[in-house]
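Here's the structure we're looking at; comments come further down.
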Amino acid sequence: MDEGLLLWINQGWSHPLLDGLFWWVSQRPWFAFPLAAILLYDSVRRGGWAGGRWFLVLAVTVGAGDLFGNLLKDLFAEPRPCQTLFEQLRGFGGALAQPCGTEPNGMPSNHAVNFFAAATFVALTTSWRRWRVGLVVAAVLVGLSRIYLGKHYPSQVAVGAMVGAAVGWLGVWLASRYRAMLGLPDFAGKLSPNSIFITHMSMNPDSIPAAPAPAVADPLPSHRLSLVAPLYNERDNVAPLLAGIHEALATYPHPWELIVVDDGSSDGTAERLTAEAGRYGPHVRVLTLQRNFGQTAAMQAGIDAARGEVIATLDGDLQNDPADIPRLVGRLLNEDLDLVVGWRQNRRDNVWLRTIPSRIANRLIGNITGVRLHDYGCSLKVYRAAVIKEVRLYGEMHRFIPAWMSARTAPSRIREEVVNHRARLHGESKYGLSRTFRVVVDLLSVYFFLRFLTRPGHFFGRIGLVSGGLGFLILAHLFVQKLLFSAHIGTRPLLLVGVLLVLMAVQFLTTGVLSELITRTYFASSASRSYVVRPDDGGEPVLDAGWRTPHG
């Protein structure tokens, strides 16, 4: 398969224009070095000396990747195709007459290592969209050029791309970890417009000074606060959790309640919750689910049971600090927001199993949904009840709550606030690397429902129009071939492809019409609406039994 793909690209793509393009991008003196010089100039122009230091770190990262690639070549000792198959390969402008070069080993492709390392480093440390996209495109072209010119097998280029991406990521991690020593800007602070670093790229929490907590205006508007804490197999954390919440809210000036939801625990968490709740009074309410339904269902159960005008959620593993809740509530009410999301800027989690997967997930979610936050996964959030109760959570959609909220309120009413994060002391984490892969699948559903819930015909219609357009172009091409050149098209696979594309277009367009009918039936026959009216928050809340009041 590797050899077949090589020969297909090397021979099947043969064209004078591609000959010139791929030869040019494969020449370091004529492509890579001028591109690096332009990037150096642009980085210094944008960031001054900080930009120059950033470019130096990038150059060291690429150089390290080149050295590592050479070591791997000696380790694998896999020959280049132009050493073993040169009789079958095309070179620049014609067939190869002899084996290429003096370097026999080709696993991995150092060209791919270098360009993908640079593309990864730039993509993860800058907000320069043109450079980020341009370097990825350049890396792909360089990788293809090595196959097209017969210098490397496709597998050698693919391995080089993966090695380069890993080296680039490692360079970002080291640069952020030793930021102060290298004299680089703060990756995580609020940077000046001239700063070149994305604000969410900090990976060294110990080197970042804690953001000062903004003052909370007092008195707050009159309200009632409902706290929701889902737990699953957190028996040892029950007592410290309830004690910490009561200590943090001991002087809270408004009524509040605590709803703890046991998600079908098997370690005695429900019994411990009932016992501890009896010590504090009726404002602590325990909900016990019949079985383990998952964190999303447990959180939804608590939100459904909440009676306050403001709802706060937090994890039951003691990693969220309840002392942050009054500050988040204050910001929500004083700035007239609908959601304040906690940002665990200084995370106390395993870097490989939780922090890195979380950063990947946050980047994916932000790019797809358009609601860009540093920390989607933080459970410490404060909501306006009238808005969050309009959102229904299913599956594992709790991590997408800000995205779902953006469908019910303006994104400008969603903000984030730096919160304290503590290391887990008891129990085991329920998260890991697999969560990142589940996020990718869930994102497809989120994207569809956010963009096309009220107009699904546009989703299927776009696919149908593209498919039908391609099909008609293919059929028109074959018609011209038959009419003008008397070509035999009856047995050509392209005819079958064209017909199938047209049939697919008809199916997708028909599906779009049916989905529009189903959507209209859904909105017409249920209480759901395609819009949301902002509630009037005026009036005093009425106190009733089961609330923790400032004097009770």
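Residue names in the structure tokens use chain letters A, B, ... in the order shown, residue numbers from 1 in each chain, and ligand numbers from 1 in the order shown.
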Can you check which residues of range 358-471 of chain A DSSP gives as strand (DSSP E or B) on the backbone and send them as a list of chain:residue names?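 In range 358-471 of chain A, DSSP puts these residues in strand (DSSP E or B): A:Lys381, A:Val382, A:Tyr383, A:Arg384, A:Ile414, A:Arg415, A:Glu416, A:Glu417, A:Val418, A:His421.
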Take the selection from the previous step and output its residues with C-alpha atoms, as a PDB file, in the first residue's frame.
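File again.pdb, as written:
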ATOM      1  CA  LYS A 381     -20.365  28.012  37.440  1.00  0.00           C
ATOM      2  CA  VAL A 382     -23.034  30.497  38.457  1.00  0.00           C
ATOM      3  CA  TYR A 383     -26.221  30.792  36.375  1.00  0.00           C
ATOM      4  CA  ARG A 384     -29.295  32.945  36.205  1.00  0.00           C
ATOM      5  CA  ILE A 414     -21.364  34.863  29.371  1.00  0.00           C
ATOM      6  CA  ARG A 415     -18.141  35.675  31.206  1.00  0.00           C
ATOM      7  CA  GLU A 416     -15.395  33.792  33.032  1.00  0.00           C
ATOM      8  CA  GLU A 417     -13.681  34.445  36.336  1.00  0.00           C
ATOM      9  CA  VAL A 418     -10.424  33.060  37.728  1.00  0.00           C
ATOM     10  CA  HIS A 421      -8.395  25.034  42.252  1.00  0.00           C
TER      11      HIS A 421
END
Write out as an mmCIF file with N, CA and C atoms, in the first residue's frame all residues of range 452-511 of chain A that backbone DSSP assigns to helix (DSSP H, G or I).
data_model
loop_
_atom_site.group_PDB
_atom_site.id
_atom_site.type_symbol
_atom_site.label_atom_id
_atom_site.label_comp_id
_atom_site.auth_asym_id
_atom_site.auth_seq_id
_atom_site.Cartn_x
_atom_site.Cartn_y
_atom_site.Cartn_z
ATOM 1 N N PHE A 452 -28.294 24.545 13.383
ATOM 2 C CA PHE A 452 -29.340 24.131 12.443
ATOM 3 C C PHE A 452 -30.590 23.586 13.134
ATOM 4 N N PRO A 456 -32.893 22.834 9.813
ATOM 5 C CA PRO A 456 -32.098 21.662 9.404
ATOM 6 C C PRO A 456 -32.013 21.491 7.898
ATOM 7 N N GLY A 457 -32.982 22.077 7.170
ATOM 8 C CA GLY A 457 -32.919 21.973 5.721
ATOM 9 C C GLY A 457 -31.673 22.625 5.147
ATOM 10 N N HIS A 458 -31.146 23.653 5.825
ATOM 11 C CA HIS A 458 -29.923 24.298 5.350
ATOM 12 C C HIS A 458 -28.731 23.351 5.461
ATOM 13 N N PHE A 459 -28.704 22.540 6.521
ATOM 14 C CA PHE A 459 -27.600 21.603 6.710
ATOM 15 C C PHE A 459 -27.590 20.556 5.601
ATOM 16 N N PHE A 460 -28.725 19.880 5.432
ATOM 17 C CA PHE A 460 -28.786 18.838 4.416
ATOM 18 C C PHE A 460 -28.777 19.434 3.009
ATOM 19 N N GLY A 461 -29.364 20.634 2.871
ATOM 20 C CA GLY A 461 -29.397 21.265 1.562
ATOM 21 C C GLY A 461 -28.011 21.621 1.052
ATOM 22 N N ARG A 462 -27.125 22.090 1.941
ATOM 23 C CA ARG A 462 -25.764 22.424 1.517
ATOM 24 C C ARG A 462 -25.045 21.200 0.976
ATOM 25 N N ILE A 463 -25.169 20.093 1.717
ATOM 26 C CA ILE A 463 -24.521 18.865 1.257
ATOM 27 C C ILE A 463 -25.105 18.428 -0.079
ATOM 28 N N GLY A 464 -26.437 18.522 -0.203
ATOM 29 C CA GLY A 464 -27.077 18.118 -1.447
ATOM 30 C C GLY A 464 -26.671 18.984 -2.623
ATOM 31 N N LEU A 465 -26.565 20.298 -2.398
ATOM 32 C CA LEU A 465 -26.181 21.191 -3.495
ATOM 33 C C LEU A 465 -24.746 20.942 -3.943
ATOM 34 N N VAL A 466 -23.852 20.722 -2.981
ATOM 35 C CA VAL A 466 -22.458 20.436 -3.333
ATOM 36 C C VAL A 466 -22.371 19.124 -4.103
ATOM 37 N N SER A 467 -23.049 18.098 -3.582
ATOM 38 C CA SER A 467 -23.031 16.800 -4.253
ATOM 39 C C SER A 467 -23.641 16.890 -5.646
ATOM 40 N N GLY A 468 -24.790 17.565 -5.753
ATOM 41 C CA GLY A 468 -25.424 17.686 -7.054
ATOM 42 C C GLY A 468 -24.606 18.506 -8.031
ATOM 43 N N GLY A 469 -23.968 19.572 -7.535
ATOM 44 C CA GLY A 469 -23.120 20.370 -8.409
ATOM 45 C C GLY A 469 -21.966 19.584 -8.981
ATOM 46 N N LEU A 470 -21.300 18.813 -8.114
ATOM 47 C CA LEU A 470 -20.196 17.983 -8.595
ATOM 48 C C LEU A 470 -20.690 16.935 -9.588
ATOM 49 N N GLY A 471 -21.840 16.326 -9.279
ATOM 50 C CA GLY A 471 -22.382 15.312 -10.179
ATOM 51 C C GLY A 471 -22.723 15.870 -11.544
ATOM 52 N N PHE A 472 -23.346 17.036 -11.574
ATOM 53 C CA PHE A 472 -23.706 17.634 -12.858
ATOM 54 C C PHE A 472 -22.464 18.063 -13.637
ATOM 55 N N LEU A 473 -21.436 18.540 -12.963
ATOM 56 C CA LEU A 473 -20.193 18.898 -13.653
ATOM 57 C C LEU A 473 -19.554 17.667 -14.295
ATOM 58 N N ILE A 474 -19.545 16.558 -13.545
ATOM 59 C CA ILE A 474 -18.964 15.328 -14.090
ATOM 60 C C ILE A 474 -19.760 14.845 -15.292
ATOM 61 N N LEU A 475 -21.076 14.853 -15.166
ATOM 62 C CA LEU A 475 -21.914 14.388 -16.274
ATOM 63 C C LEU A 475 -21.801 15.328 -17.477
ATOM 64 N N ALA A 476 -21.697 16.631 -17.216
ATOM 65 C CA ALA A 476 -21.532 17.571 -18.328
ATOM 66 C C ALA A 476 -20.207 17.341 -19.043
ATOM 67 N N HIS A 477 -19.148 17.060 -18.276
ATOM 68 C CA HIS A 477 -17.846 16.769 -18.866
ATOM 69 C C HIS A 477 -17.930 15.523 -19.753
ATOM 70 N N LEU A 478 -18.564 14.475 -19.252
ATOM 71 C CA LEU A 478 -18.690 13.245 -20.037
ATOM 72 C C LEU A 478 -19.568 13.464 -21.273
ATOM 73 N N PHE A 479 -20.596 14.298 -21.138
ATOM 74 C CA PHE A 479 -21.461 14.587 -22.288
ATOM 75 C C PHE A 479 -20.673 15.281 -23.404
ATOM 76 N N VAL A 480 -19.827 16.236 -23.016
ATOM 77 C CA VAL A 480 -18.999 16.920 -24.007
ATOM 78 C C VAL A 480 -18.031 15.939 -24.659
ATOM 79 N N GLN A 481 -17.438 15.059 -23.830
ATOM 80 C CA GLN A 481 -16.522 14.059 -24.378
ATOM 81 C C GLN A 481 -17.222 13.164 -25.398
ATOM 82 N N LYS A 482 -18.455 12.774 -25.085
ATOM 83 C CA LYS A 482 -19.200 11.893 -25.985
ATOM 84 C C LYS A 482 -19.643 12.635 -27.245
ATOM 85 N N LEU A 483 -20.109 13.868 -27.067
ATOM 86 C CA LEU A 483 -20.689 14.608 -28.184
ATOM 87 C C LEU A 483 -19.630 15.100 -29.164
ATOM 88 N N LEU A 484 -18.536 15.618 -28.632
ATOM 89 C CA LEU A 484 -17.533 16.253 -29.500
ATOM 90 C C LEU A 484 -16.408 15.320 -29.913
ATOM 91 N N PHE A 485 -16.070 14.377 -29.051
ATOM 92 C CA PHE A 485 -14.908 13.528 -29.336
ATOM 93 C C PHE A 485 -15.263 12.068 -29.519
ATOM 94 N N PRO A 493 -15.621 4.612 -14.945
ATOM 95 C CA PRO A 493 -16.084 4.762 -13.551
ATOM 96 C C PRO A 493 -16.602 6.162 -13.254
ATOM 97 N N LEU A 494 -16.090 7.165 -13.968
ATOM 98 C CA LEU A 494 -16.516 8.533 -13.712
ATOM 99 C C LEU A 494 -18.005 8.719 -13.977
ATOM 100 N N LEU A 495 -18.555 7.961 -14.918
ATOM 101 C CA LEU A 495 -19.991 8.043 -15.195
ATOM 102 C C LEU A 495 -20.791 7.578 -13.987
ATOM 103 N N LEU A 496 -20.353 6.461 -13.391
ATOM 104 C CA LEU A 496 -21.042 5.949 -12.205
ATOM 105 C C LEU A 496 -20.937 6.935 -11.041
ATOM 106 N N VAL A 497 -19.758 7.537 -10.881
ATOM 107 C CA VAL A 497 -19.578 8.516 -9.811
ATOM 108 C C VAL A 497 -20.520 9.704 -10.005
ATOM 109 N N GLY A 498 -20.628 10.219 -11.221
ATOM 110 C CA GLY A 498 -21.508 11.344 -11.487
ATOM 111 C C GLY A 498 -22.958 11.035 -11.193
ATOM 112 N N VAL A 499 -23.415 9.852 -11.634
ATOM 113 C CA VAL A 499 -24.806 9.464 -11.383
ATOM 114 C C VAL A 499 -25.065 9.314 -9.884
ATOM 115 N N LEU A 500 -24.127 8.686 -9.163
ATOM 116 C CA LEU A 500 -24.291 8.509 -7.710
ATOM 117 C C LEU A 500 -24.333 9.848 -6.991
ATOM 118 N N LEU A 501 -23.509 10.798 -7.402
ATOM 119 C CA LEU A 501 -23.518 12.113 -6.762
ATOM 120 C C LEU A 501 -24.845 12.822 -6.973
ATOM 121 N N VAL A 502 -25.424 12.710 -8.156
ATOM 122 C CA VAL A 502 -26.724 13.331 -8.408
ATOM 123 C C VAL A 502 -27.805 12.667 -7.571
ATOM 124 N N LEU A 503 -27.774 11.321 -7.480
ATOM 125 C CA LEU A 503 -28.755 10.628 -6.645
ATOM 126 C C LEU A 503 -28.599 11.001 -5.173
ATOM 127 N N MET A 504 -27.349 11.128 -4.711
ATOM 128 C CA MET A 504 -27.117 11.570 -3.333
ATOM 129 C C MET A 504 -27.678 12.965 -3.109
ATOM 130 N N ALA A 505 -27.534 13.837 -4.096
ATOM 131 C CA ALA A 505 -28.067 15.196 -3.966
ATOM 132 C C ALA A 505 -29.576 15.169 -3.798
ATOM 133 N N VAL A 506 -30.250 14.338 -4.588
ATOM 134 C CA VAL A 506 -31.700 14.236 -4.471
ATOM 135 C C VAL A 506 -32.087 13.747 -3.078
ATOM 136 N N GLN A 507 -31.358 12.747 -2.563
ATOM 137 C CA GLN A 507 -31.663 12.223 -1.233
ATOM 138 C C GLN A 507 -31.449 13.268 -0.147
ATOM 139 N N PHE A 508 -30.340 13.999 -0.205
ATOM 140 C CA PHE A 508 -30.065 15.002 0.815
ATOM 141 C C PHE A 508 -31.072 16.142 0.758
ATOM 142 N N LEU A 509 -31.427 16.584 -0.434
ATOM 143 C CA LEU A 509 -32.411 17.655 -0.552
ATOM 144 C C LEU A 509 -33.773 17.200 -0.040
ATOM 145 N N THR A 510 -34.131 15.972 -0.336
ATOM 146 C CA THR A 510 -35.398 15.432 0.177
ATOM 147 C C THR A 510 -35.363 15.323 1.695
ATOM 148 N N THR A 511 -34.232 14.864 2.246
ATOM 149 C CA THR A 511 -34.084 14.788 3.701
ATOM 150 C C THR A 511 -34.206 16.165 4.331
#
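When only C-alpha atoms are used to compute distances to Thr269 in chain A, the closest of the residues A:Tyr232, A:Trp30, A:Trp131, A:Phe293 turns out to be A:Tyr232.
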Nearest to Val167 in chain A: which of A:Thr251, A:Trp13, A:Ala119, A:Gly490 is it, counting only C-alpha atoms? A:Ala119
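If you look at CA of Leu71 in chain A and CA of Val159 in chain A, they are 13.7 Å away from each other.
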The residue from A:Ala32, A:Gly264, A:Gly395, A:Arg224 with the smallest atom-to-atom distance to Ala139 in chain A, counting only C-alpha atoms, is A:Ala32
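From CA of Thr126 in chain A back to CA of Arg146 in chain A, the distance works out to 27.8 Å.
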So how many Å separate CA of Leu393 in chain A and CA of Ser445 in chain A, to one decimal?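 Distance between the two atoms: 12.4 Å.
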Long-range neighbours of His223 in chain A as a PyMOL selection string, 7 Å cut-off, only C-alpha atoms, 2 positions minimum in chain: chain A and resi 221+225+254+309+541
